[in-house]
file start.csv (CSV, C-alpha atoms and all ligand atoms)
chain,number,residue,atom,x,y,z
X,1,MET,CA,106.9,202.5,-165.6
X,2,LEU,CA,103.4,201.0,-165.6
X,3,PHE,CA,100.6,203.5,-165.0
X,4,LYS,CA,97.8,200.9,-164.9
X,5,ASP,CA,95.9,200.2,-161.7
X,6,ASP,CA,93.7,197.2,-162.2
X,7,TYR,CA,91.7,194.9,-159.8
X,8,LYS,CA,94.8,192.8,-159.2
X,9,HIS,CA,96.7,195.8,-157.8
X,10,LYS,CA,93.7,196.9,-155.8
X,11,GLY,CA,93.4,193.4,-154.3
X,12,LEU,CA,97.1,193.4,-153.4
X,13,ARG,CA,96.7,196.8,-151.7
X,14,LYS,CA,93.7,195.5,-149.7
X,15,SER,CA,95.8,192.7,-148.3
X,16,LEU,CA,98.7,195.1,-147.6
X,17,ILE,CA,96.2,197.2,-145.6
X,18,ASN,CA,95.3,194.1,-143.6
X,19,THR,CA,99.0,193.5,-142.9
X,20,LEU,CA,99.4,197.2,-141.7
X,21,LYS,CA,96.4,196.8,-139.4
X,22,ALA,CA,97.8,193.6,-138.0
X,23,LYS,CA,101.0,195.5,-137.3
X,24,GLY,CA,99.1,198.1,-135.3
X,25,ILE,CA,98.3,200.9,-137.8
X,26,THR,CA,94.9,202.3,-136.8
X,27,ASN,CA,94.6,205.8,-138.3
X,28,GLU,CA,91.8,205.6,-140.8
X,29,ILE,CA,93.1,208.6,-142.9
X,30,VAL,CA,96.5,206.9,-143.2
X,31,LEU,CA,95.0,203.6,-144.1
X,32,TYR,CA,92.7,205.2,-146.7
X,33,ALA,CA,95.7,207.0,-148.3
X,34,MET,CA,97.8,203.8,-148.3
X,35,GLU,CA,94.9,201.9,-150.0
X,36,SER,CA,94.4,204.7,-152.6
X,37,VAL,CA,97.9,205.4,-153.8
X,38,PRO,CA,99.3,202.8,-156.3
X,39,ARG,CA,102.7,201.9,-154.8
X,40,HIS,CA,103.6,200.1,-158.0
X,41,TYR,CA,103.7,203.4,-159.9
X,42,PHE,CA,106.9,204.2,-157.9
X,43,PHE,CA,108.7,201.0,-158.8
X,44,ASP,CA,111.0,200.1,-161.6
X,45,ASP,CA,109.5,197.6,-164.1
X,46,ALA,CA,111.9,194.9,-163.0
X,47,LEU,CA,110.7,195.0,-159.4
X,48,LEU,CA,106.9,195.6,-160.1
X,49,HIS,CA,105.9,192.2,-158.7
X,50,HIS,CA,107.3,193.2,-155.3
X,51,ALA,CA,105.4,196.5,-155.0
X,52,TYR,CA,102.8,195.3,-152.4
X,53,GLU,CA,105.2,193.4,-150.2
X,54,ASP,CA,105.8,195.1,-146.8
X,55,LYS,CA,109.5,195.7,-147.6
X,56,ALA,CA,111.8,198.5,-148.7
X,57,PHE,CA,113.2,198.2,-152.2
X,58,PRO,CA,116.0,199.9,-154.2
X,59,ILE,CA,115.1,202.9,-156.4
X,60,GLY,CA,118.6,203.5,-157.8
X,61,ASN,CA,121.4,205.8,-156.7
X,62,GLY,CA,121.9,203.6,-153.6
X,63,GLN,CA,118.6,204.8,-152.2
X,64,THR,CA,115.3,203.0,-151.3
X,65,ILE,CA,111.6,203.3,-151.3
X,66,SER,CA,110.6,202.9,-147.6
X,67,GLN,CA,108.7,199.8,-146.3
X,68,PRO,CA,104.9,200.4,-146.3
X,69,TYR,CA,104.7,199.9,-142.5
X,70,THR,CA,107.4,202.6,-142.1
X,71,VAL,CA,105.5,205.0,-144.4
X,72,ALA,CA,102.3,204.3,-142.5
X,73,ARG,CA,103.8,204.7,-139.1
X,74,GLN,CA,105.6,207.9,-139.9
X,75,SER,CA,102.4,209.3,-141.5
X,76,GLU,CA,100.4,208.3,-138.3
X,77,LEU,CA,103.0,209.9,-136.0
X,78,LEU,CA,102.7,213.2,-137.9
X,79,ASP,CA,99.0,213.5,-136.7
X,80,ILE,CA,98.0,215.3,-139.9
X,81,LYS,CA,95.0,217.6,-140.2
X,82,GLU,CA,93.7,218.6,-143.6
X,83,GLY,CA,95.3,221.8,-145.0
X,84,MET,CA,98.5,221.6,-142.9
X,85,LYS,CA,101.8,222.8,-144.4
X,86,VAL,CA,104.2,219.8,-144.3
X,87,LEU,CA,107.9,219.5,-145.2
X,88,GLU,CA,109.3,216.1,-146.2
X,89,ILE,CA,113.1,215.6,-146.3
X,90,GLY,CA,114.1,212.8,-148.7
X,91,THR,CA,111.6,212.6,-151.6
X,92,GLY,CA,113.2,209.4,-152.9
X,93,SER,CA,110.7,207.7,-155.2
X,94,GLY,CA,107.9,210.2,-154.3
X,95,TYR,CA,105.7,207.5,-152.7
X,96,GLN,CA,105.6,209.0,-149.2
X,97,ALA,CA,105.0,212.4,-150.8
X,98,ALA,CA,102.0,210.9,-152.7
X,99,ILE,CA,100.6,209.4,-149.4
X,100,LEU,CA,100.9,212.8,-147.6
X,101,SER,CA,99.4,214.6,-150.6
X,102,GLN,CA,96.5,212.1,-150.6
X,103,MET,CA,96.0,213.1,-146.9
X,104,LYS,CA,95.2,216.7,-148.2
X,105,VAL,CA,98.2,218.6,-146.9
X,106,ARG,CA,100.2,221.3,-148.6
X,107,LEU,CA,103.3,219.3,-149.2
X,108,PHE,CA,106.9,220.5,-149.8
X,109,THR,CA,109.4,217.8,-150.4
X,110,ILE,CA,113.2,218.1,-150.9
X,111,GLU,CA,115.7,215.6,-152.3
X,112,THR,CA,119.5,215.9,-152.7
X,113,VAL,CA,120.1,213.3,-155.5
X,114,GLU,CA,119.3,215.1,-158.8
X,115,PRO,CA,118.1,212.0,-160.8
X,116,LEU,CA,115.8,211.0,-158.0
X,117,TYR,CA,114.4,214.5,-157.7
X,118,LYS,CA,113.7,214.7,-161.4
X,119,LYS,CA,112.1,211.4,-161.7
X,120,ALA,CA,109.9,211.8,-158.5
X,121,LYS,CA,108.8,215.3,-159.6
X,122,ALA,CA,107.9,214.1,-163.1
X,123,ASP,CA,106.0,211.0,-161.7
X,124,LEU,CA,104.1,212.9,-159.0
X,125,HIS,CA,103.0,215.6,-161.5
X,126,ARG,CA,102.0,213.1,-164.1
X,127,LEU,CA,100.0,211.2,-161.6
X,128,GLY,CA,98.2,214.4,-160.5
X,129,TYR,CA,99.6,214.8,-157.0
X,130,ASN,CA,99.9,218.4,-155.9
X,131,VAL,CA,103.4,218.3,-154.4
X,132,ARG,CA,106.1,221.0,-154.5
X,133,CYS,CA,109.4,219.3,-155.2
X,134,TYR,CA,112.8,220.9,-154.5
X,135,LEU,CA,116.4,219.9,-155.2
X,136,GLY,CA,118.9,220.6,-152.4
X,137,ASP,CA,120.2,219.8,-148.9
X,138,GLY,CA,117.1,219.1,-146.9
X,139,SER,CA,119.1,218.8,-143.7
X,140,LEU,CA,118.9,222.6,-143.7
X,141,GLY,CA,115.1,222.6,-144.3
X,142,LEU,CA,113.4,225.0,-146.7
X,143,LYS,CA,113.7,228.3,-144.9
X,144,ARG,CA,112.0,230.4,-147.5
X,145,TYR,CA,108.7,228.5,-147.0
X,146,ALA,CA,108.9,228.1,-143.2
X,147,PRO,CA,107.3,227.7,-140.7
X,148,PHE,CA,105.8,224.3,-141.2
X,149,ASP,CA,103.1,222.5,-139.1
X,150,ARG,CA,104.9,219.2,-139.6
X,151,ILE,CA,108.4,218.1,-140.7
X,152,LEU,CA,109.2,214.6,-141.7
X,153,LEU,CA,112.7,213.1,-142.2
X,154,THR,CA,112.8,210.0,-144.3
X,155,ALA,CA,116.6,209.5,-143.9
X,156,ALA,CA,118.6,208.6,-140.7
X,157,ALA,CA,119.9,211.7,-138.8
X,158,PRO,CA,122.7,211.7,-136.3
X,159,LYS,CA,120.6,214.2,-134.3
X,160,ILE,CA,117.6,216.5,-135.0
X,161,PRO,CA,119.0,219.4,-137.0
X,162,ASP,CA,118.6,222.7,-135.2
X,163,MET,CA,117.6,224.5,-138.5
X,164,LEU,CA,114.7,222.1,-138.9
X,165,PHE,CA,113.5,222.6,-135.4
X,166,GLU,CA,113.6,226.4,-136.0
X,167,GLN,CA,111.4,225.9,-139.1
X,168,LEU,CA,108.6,224.3,-137.1
X,169,LYS,CA,105.6,226.3,-136.0
X,170,ASP,CA,105.0,226.6,-132.3
X,171,GLY,CA,103.0,223.5,-131.4
X,172,GLY,CA,104.2,221.7,-134.5
X,173,LEU,CA,105.6,218.1,-134.7
X,174,LEU,CA,108.8,216.8,-136.3
X,175,VAL,CA,109.2,213.0,-136.9
X,176,ALA,CA,112.6,211.6,-137.6
X,177,PRO,CA,114.7,208.4,-137.4
X,178,VAL,CA,117.6,209.4,-135.1
X,179,GLY,CA,120.6,207.2,-134.3
X,180,ASP,CA,123.6,205.7,-136.0
X,181,LYS,CA,123.9,204.6,-139.7
X,182,LYS,CA,122.5,201.1,-139.0
X,183,THR,CA,119.7,201.5,-136.5
X,184,GLN,CA,117.6,204.5,-135.5
X,185,THR,CA,114.9,205.3,-133.0
X,186,MET,CA,111.8,207.0,-134.4
X,187,VAL,CA,111.6,210.2,-132.6
X,188,ARG,CA,108.7,212.6,-132.4
X,189,VAL,CA,109.4,216.1,-131.2
X,190,LYS,CA,106.8,218.7,-130.3
X,191,LYS,CA,107.8,222.3,-130.3
X,192,HIS,CA,106.6,224.2,-127.3
X,193,GLY,CA,108.1,227.7,-127.4
X,194,HIS,CA,111.8,227.0,-127.3
X,195,GLU,CA,111.3,223.7,-125.6
X,196,ARG,CA,111.3,220.3,-127.2
X,197,ILE,CA,109.0,217.6,-125.9
X,198,THR,CA,110.4,214.3,-127.2
X,199,GLU,CA,108.8,210.8,-127.5
X,200,LYS,CA,110.4,207.6,-128.8
X,201,HIS,CA,108.5,205.2,-131.1
X,202,GLY,CA,110.6,202.1,-131.7
X,203,LEU,CA,113.5,201.0,-133.8
X,204,PHE,CA,113.9,201.4,-137.6
X,205,ALA,CA,116.6,201.3,-140.3
X,206,PHE,CA,116.9,204.1,-142.8
X,207,VAL,CA,119.5,205.2,-145.3
X,208,PRO,CA,121.7,208.0,-143.9
X,209,LEU,CA,120.8,211.7,-144.1
X,210,THR,CA,123.6,213.5,-146.0
X,211,GLY,CA,124.3,217.2,-146.2
X,212,LYS,CA,125.5,219.8,-143.7
X,213,GLU,CA,123.5,218.5,-140.7
X,214,GLY,CA,123.7,214.8,-141.8
X,215,TRP,CA,126.5,212.2,-141.9
X,216,LYS,CA,129.7,213.5,-143.5
X,217,ASN,CA,130.7,210.2,-145.1
G,1,LIG,N1,110.5,209.1,-148.8
G,1,LIG,C1,111.1,208.2,-149.8
G,1,LIG,C2,110.1,207.4,-150.6
G,1,LIG,O1,108.9,207.5,-150.3
G,1,LIG,O2,110.5,206.8,-151.6
G,1,LIG,C3,112.1,207.3,-149.2
G,1,LIG,C4,113.3,208.0,-148.8
G,1,LIG,S1,114.8,207.2,-148.8
G,1,LIG,C5,114.6,206.1,-147.5
G,1,LIG,C6,115.8,208.5,-148.2
G,1,LIG,C7,116.0,209.6,-149.2
G,1,LIG,O3,116.6,210.8,-148.5
G,1,LIG,C8,116.9,209.3,-150.3
G,1,LIG,O4,116.3,209.5,-151.6
G,1,LIG,C9,118.1,210.2,-150.2
G,1,LIG,O5,118.7,210.6,-151.4
G,1,LIG,C10,117.5,211.4,-149.4
G,1,LIG,N2,118.4,212.3,-148.7
G,1,LIG,C11,119.4,211.9,-147.9
G,1,LIG,N3,120.0,213.0,-147.4
G,1,LIG,C12,119.3,214.1,-147.9
G,1,LIG,C13,119.4,215.5,-147.7
G,1,LIG,N4,120.4,216.0,-147.0
G,1,LIG,N5,118.5,216.3,-148.3
G,1,LIG,C14,117.5,215.7,-149.1
G,1,LIG,N6,117.4,214.4,-149.3
G,1,LIG,C15,118.2,213.6,-148.7
call {"tool": "encode", "arguments": {"input": "start.csv", "output": "structure tokens", "more": "lines below"}}
Ligand code: SAM
result
Amino acid sequence: MLFKDDYKHKGLRKSLINTLKAKGITNEIVLYAMESVPRHYFFDDALLHHAYEDKAFPIGNGQTISQPYTVARQSELLDIKEGMKVLEIGTGSGYQAAILSQMKVRLFTIETVEPLYKKAKADLHRLGYNVRCYLGDGSLGLKRYAPFDRILLTAAAPKIPDMLFEQLKDGGLLVAPVGDKKTQTMVRVKKHGHERITEKHGLFAFVPLTGKEGWKN
């Protein structure tokens, strides 16, 4: 892993930001975070030269680091305010966690694949991001730290898990790709008492959510 961020990486990030703007990302706080966090820190050495392409890449254990546009879009849909308590399900490489941490939230992130959890936790801490990492089944949320202002799923869910909705504060937002294993609709749900106000935000492709409330096989 290369922890060196030189003018070349910064230049590549600038052009990635222009790509994100051209694709419709407008939130300045999101764009600033995407320009600040070195995505190449979350890549294996063999794939380093791909770090600033707007594409998802393998991170081992059959999982992926999400496409930058997807990370930006999910971050934008979360409508983050500084100091919010946020839960991410699917730490993966830790890149999305670093972006949210850069946006000055109190971030809790949970991963079910142990080697990914260990690596992301070590990388995030080594890089100085203040993120609380947990190993476990995120489809059940993180009840002992609930309620959260925001919940983000970065794996494809067959439906919004009830346990996650319960762990949202009143007025809170949950963003998740919901659909089948191939294609999902990005859904944003607002909690209004016991009611759910649901919006749809386009089609995406994520790896499946596993666990009790995820896909069984
Ligand atoms: N956010 C990640 C990043 O920035 O690299 C990308 C996430 S990857 C698309 C989805 C991740 O969700 C995988 O690492 C996978 O192991 C994890 N995952 C799937 N089901 C899970 C579950 N039930 N609980 C926690 N993590 C889960």
call {"tool": "closest_residue", "arguments": {"input": "start.csv", "among": "X:Val71, X:Val189, X:Ala122, X:Ile151", "to": "ligand LIG 1 (chain G)", "atoms": "only C-alpha atoms and all ligand atoms"}}
result
X:Val71
call {"tool": "closest_residue", "arguments": {"input": "start.csv", "among": "X:Ala120, X:Ala22, X:Leu78, X:Ile99", "to": "Phe43 of chain X", "atoms": "all atoms listed in the file"}}
result
X:Ala120
call {"tool": "residues_around", "arguments": {"input": "start.csv", "residues": "segment 106-110 of chain X", "least_positions_apart": "2", "cutoff": "6 Å", "atoms": "all atoms listed in the file", "output": "list in words"}}
result
Met84, Lys85, Val86, Leu87, Glu88, Ile89, Gly90, Thr91, Val131, Arg132, Cys133, Tyr134, Leu135 and Gly138 of chain X
call {"tool": "write_last_selection", "arguments": {"input": "start.csv", "atoms": "C-alpha atoms", "output": "compact mmCIF listing (two decimals), keeping the file's coordinate frame"}}
result
# COMPACT_ATOMS: atom_id res chain seq x y z
CA MET X 84 98.50 221.60 -142.90
CA LYS X 85 101.80 222.80 -144.40
CA VAL X 86 104.20 219.80 -144.30
CA LEU X 87 107.90 219.50 -145.20
CA GLU X 88 109.30 216.10 -146.20
CA ILE X 89 113.10 215.60 -146.30
CA GLY X 90 114.10 212.80 -148.70
CA THR X 91 111.60 212.60 -151.60
CA VAL X 131 103.40 218.30 -154.40
CA ARG X 132 106.10 221.00 -154.50
CA CYS X 133 109.40 219.30 -155.20
CA TYR X 134 112.80 220.90 -154.50
CA LEU X 135 116.40 219.90 -155.20
CA GLY X 138 117.10 219.10 -146.90
call {"tool": "closest_atom_pairs", "arguments": {"input": "start.csv", "of": "chain X", "to": "ligand LIG 1 (chain G)", "cutoff": "7 Å", "atoms": "only C-alpha atoms and all ligand atoms", "output": "JSON lines"}}
result
{"residue": "X:Gln63", "atom": "CA", "partner": "G:LIG1", "partner_atom": "C8", "distance": 5.2}
{"residue": "X:Thr64", "atom": "CA", "partner": "G:LIG1", "partner_atom": "S1", "distance": 4.9}
{"residue": "X:Ile65", "atom": "CA", "partner": "G:LIG1", "partner_atom": "O2", "distance": 3.7}
{"residue": "X:Ser66", "atom": "CA", "partner": "G:LIG1", "partner_atom": "C3", "distance": 4.9}
{"residue": "X:Ile89", "atom": "CA", "partner": "G:LIG1", "partner_atom": "C14", "distance": 5.2}
{"residue": "X:Gly90", "atom": "CA", "partner": "G:LIG1", "partner_atom": "O3", "distance": 3.2}
{"residue": "X:Thr91", "atom": "CA", "partner": "G:LIG1", "partner_atom": "N1", "distance": 4.6}
{"residue": "X:Gly92", "atom": "CA", "partner": "G:LIG1", "partner_atom": "O4", "distance": 3.4}
{"residue": "X:Ser93", "atom": "CA", "partner": "G:LIG1", "partner_atom": "O2", "distance": 3.7}
{"residue": "X:Gly94", "atom": "CA", "partner": "G:LIG1", "partner_atom": "O1", "distance": 4.9}
{"residue": "X:Tyr95", "atom": "CA", "partner": "G:LIG1", "partner_atom": "O1", "distance": 4.0}
{"residue": "X:Gln96", "atom": "CA", "partner": "G:LIG1", "partner_atom": "O1", "distance": 3.8}
{"residue": "X:Ala97", "atom": "CA", "partner": "G:LIG1", "partner_atom": "O1", "distance": 6.3}
{"residue": "X:Ile110", "atom": "CA", "partner": "G:LIG1", "partner_atom": "C14", "distance": 5.2}
{"residue": "X:Glu111", "atom": "CA", "partner": "G:LIG1", "partner_atom": "N6", "distance": 3.7}
{"residue": "X:Thr112", "atom": "CA", "partner": "G:LIG1", "partner_atom": "C14", "distance": 4.1}
{"residue": "X:Val113", "atom": "CA", "partner": "G:LIG1", "partner_atom": "O5", "distance": 5.1}
{"residue": "X:Leu116", "atom": "CA", "partner": "G:LIG1", "partner_atom": "O4", "distance": 6.6}
{"residue": "X:Gly136", "atom": "CA", "partner": "G:LIG1", "partner_atom": "N5", "distance": 6.0}
{"residue": "X:Asp137", "atom": "CA", "partner": "G:LIG1", "partner_atom": "N5", "distance": 3.9}
{"residue": "X:Gly138", "atom": "CA", "partner": "G:LIG1", "partner_atom": "N5", "distance": 3.4}
{"residue": "X:Ser139", "atom": "CA", "partner": "G:LIG1", "partner_atom": "N4", "distance": 4.5}
{"residue": "X:Thr154", "atom": "CA", "partner": "G:LIG1", "partner_atom": "C4", "distance": 4.9}
{"residue": "X:Ala155", "atom": "CA", "partner": "G:LIG1", "partner_atom": "C6", "distance": 4.5}
{"residue": "X:Phe206", "atom": "CA", "partner": "G:LIG1", "partner_atom": "C5", "distance": 5.6}
{"residue": "X:Val207", "atom": "CA", "partner": "G:LIG1", "partner_atom": "C5", "distance": 5.4}
{"residue": "X:Pro208", "atom": "CA", "partner": "G:LIG1", "partner_atom": "C11", "distance": 6.0}
{"residue": "X:Leu209", "atom": "CA", "partner": "G:LIG1", "partner_atom": "N3", "distance": 3.6}
{"residue": "X:Thr210", "atom": "CA", "partner": "G:LIG1", "partner_atom": "N3", "distance": 3.9}
{"residue": "X:Gly211", "atom": "CA", "partner": "G:LIG1", "partner_atom": "N4", "distance": 4.2}
{"residue": "X:Gly214", "atom": "CA", "partner": "G:LIG1", "partner_atom": "N4", "distance": 6.3}
call {"tool": "closest_residue", "arguments": {"input": "start.csv", "among": "X:Gly128, X:Gly171, X:Pro68, X:Gly83", "to": "Leu20 of chain X", "atoms": "only C-alpha atoms"}}
result
X:Pro68
call {"tool": "atom_distance", "arguments": {"input": "start.csv", "atom1": "atom CA of Gln67 of chain X", "atom2": "atom CA of Phe165 of chain X"}}
result
25.7 Å
call {"tool": "atom_distance", "arguments": {"input": "start.csv", "atom1": "atom CA of Asp5 of chain X", "atom2": "atom CA of Glu82 of chain X"}}
result
25.9 Å
call {"tool": "residues_around", "arguments": {"input": "start.csv", "residues": "Ile80 of chain X", "least_positions_apart": "5", "cutoff": "9 Å", "atoms": "all atoms listed in the file", "output": "list in words"}}
result
Ile29, Ser75, Val86, Leu100, Met103, Lys104, Val105, Asp149 and Arg150 of chain X
call {"tool": "write_last_selection", "arguments": {"input": "start.csv", "atoms": "C-alpha atoms", "output": "PDB file, in the frame of the given file"}}
result
ATOM      1  CA  ILE X  29      93.100 208.600-142.900  1.00  0.00           C
ATOM      2  CA  SER X  75     102.400 209.300-141.500  1.00  0.00           C
ATOM      3  CA  VAL X  86     104.200 219.800-144.300  1.00  0.00           C
ATOM      4  CA  LEU X 100     100.900 212.800-147.600  1.00  0.00           C
ATOM      5  CA  MET X 103      96.000 213.100-146.900  1.00  0.00           C
ATOM      6  CA  LYS X 104      95.200 216.700-148.200  1.00  0.00           C
ATOM      7  CA  VAL X 105      98.200 218.600-146.900  1.00  0.00           C
ATOM      8  CA  ASP X 149     103.100 222.500-139.100  1.00  0.00           C
ATOM      9  CA  ARG X 150     104.900 219.200-139.600  1.00  0.00           C
TER      10      ARG X 150
END
call {"tool": "atom_distance", "arguments": {"input": "start.csv", "atom1": "atom CA of Tyr32 of chain X", "atom2": "atom CA of His50 of chain X"}}
result
20.8 Å
call {"tool": "closest_residue", "arguments": {"input": "start.csv", "among": "X:Asn61, X:Thr19, X:Thr185, X:Gln167", "to": "Gln74 of chain X", "atoms": "only C-alpha atoms"}}
result
X:Thr185
call {"tool": "residues_near_point", "arguments": {"input": "start.csv", "point": "(117.0, 207.7, -133.8)", "cutoff": "9 Å", "atoms": "only C-alpha atoms", "output": "ChimeraX atom specification"}}
result
/X:156-160,176-180,183-187,200,202-204
call {"tool": "closest_residue", "arguments": {"input": "start.csv", "among": "X:His49, X:Arg188, X:Lys216, X:Arg126", "to": "Leu152 of chain X", "atoms": "all atoms listed in the file"}}
result
X:Arg188
call {"tool": "closest_residue", "arguments": {"input": "start.csv", "among": "X:Glu28, X:Asp44, X:Glu166, X:Glu213", "to": "Lys191 of chain X", "atoms": "all atoms listed in the file"}}
result
X:Glu166
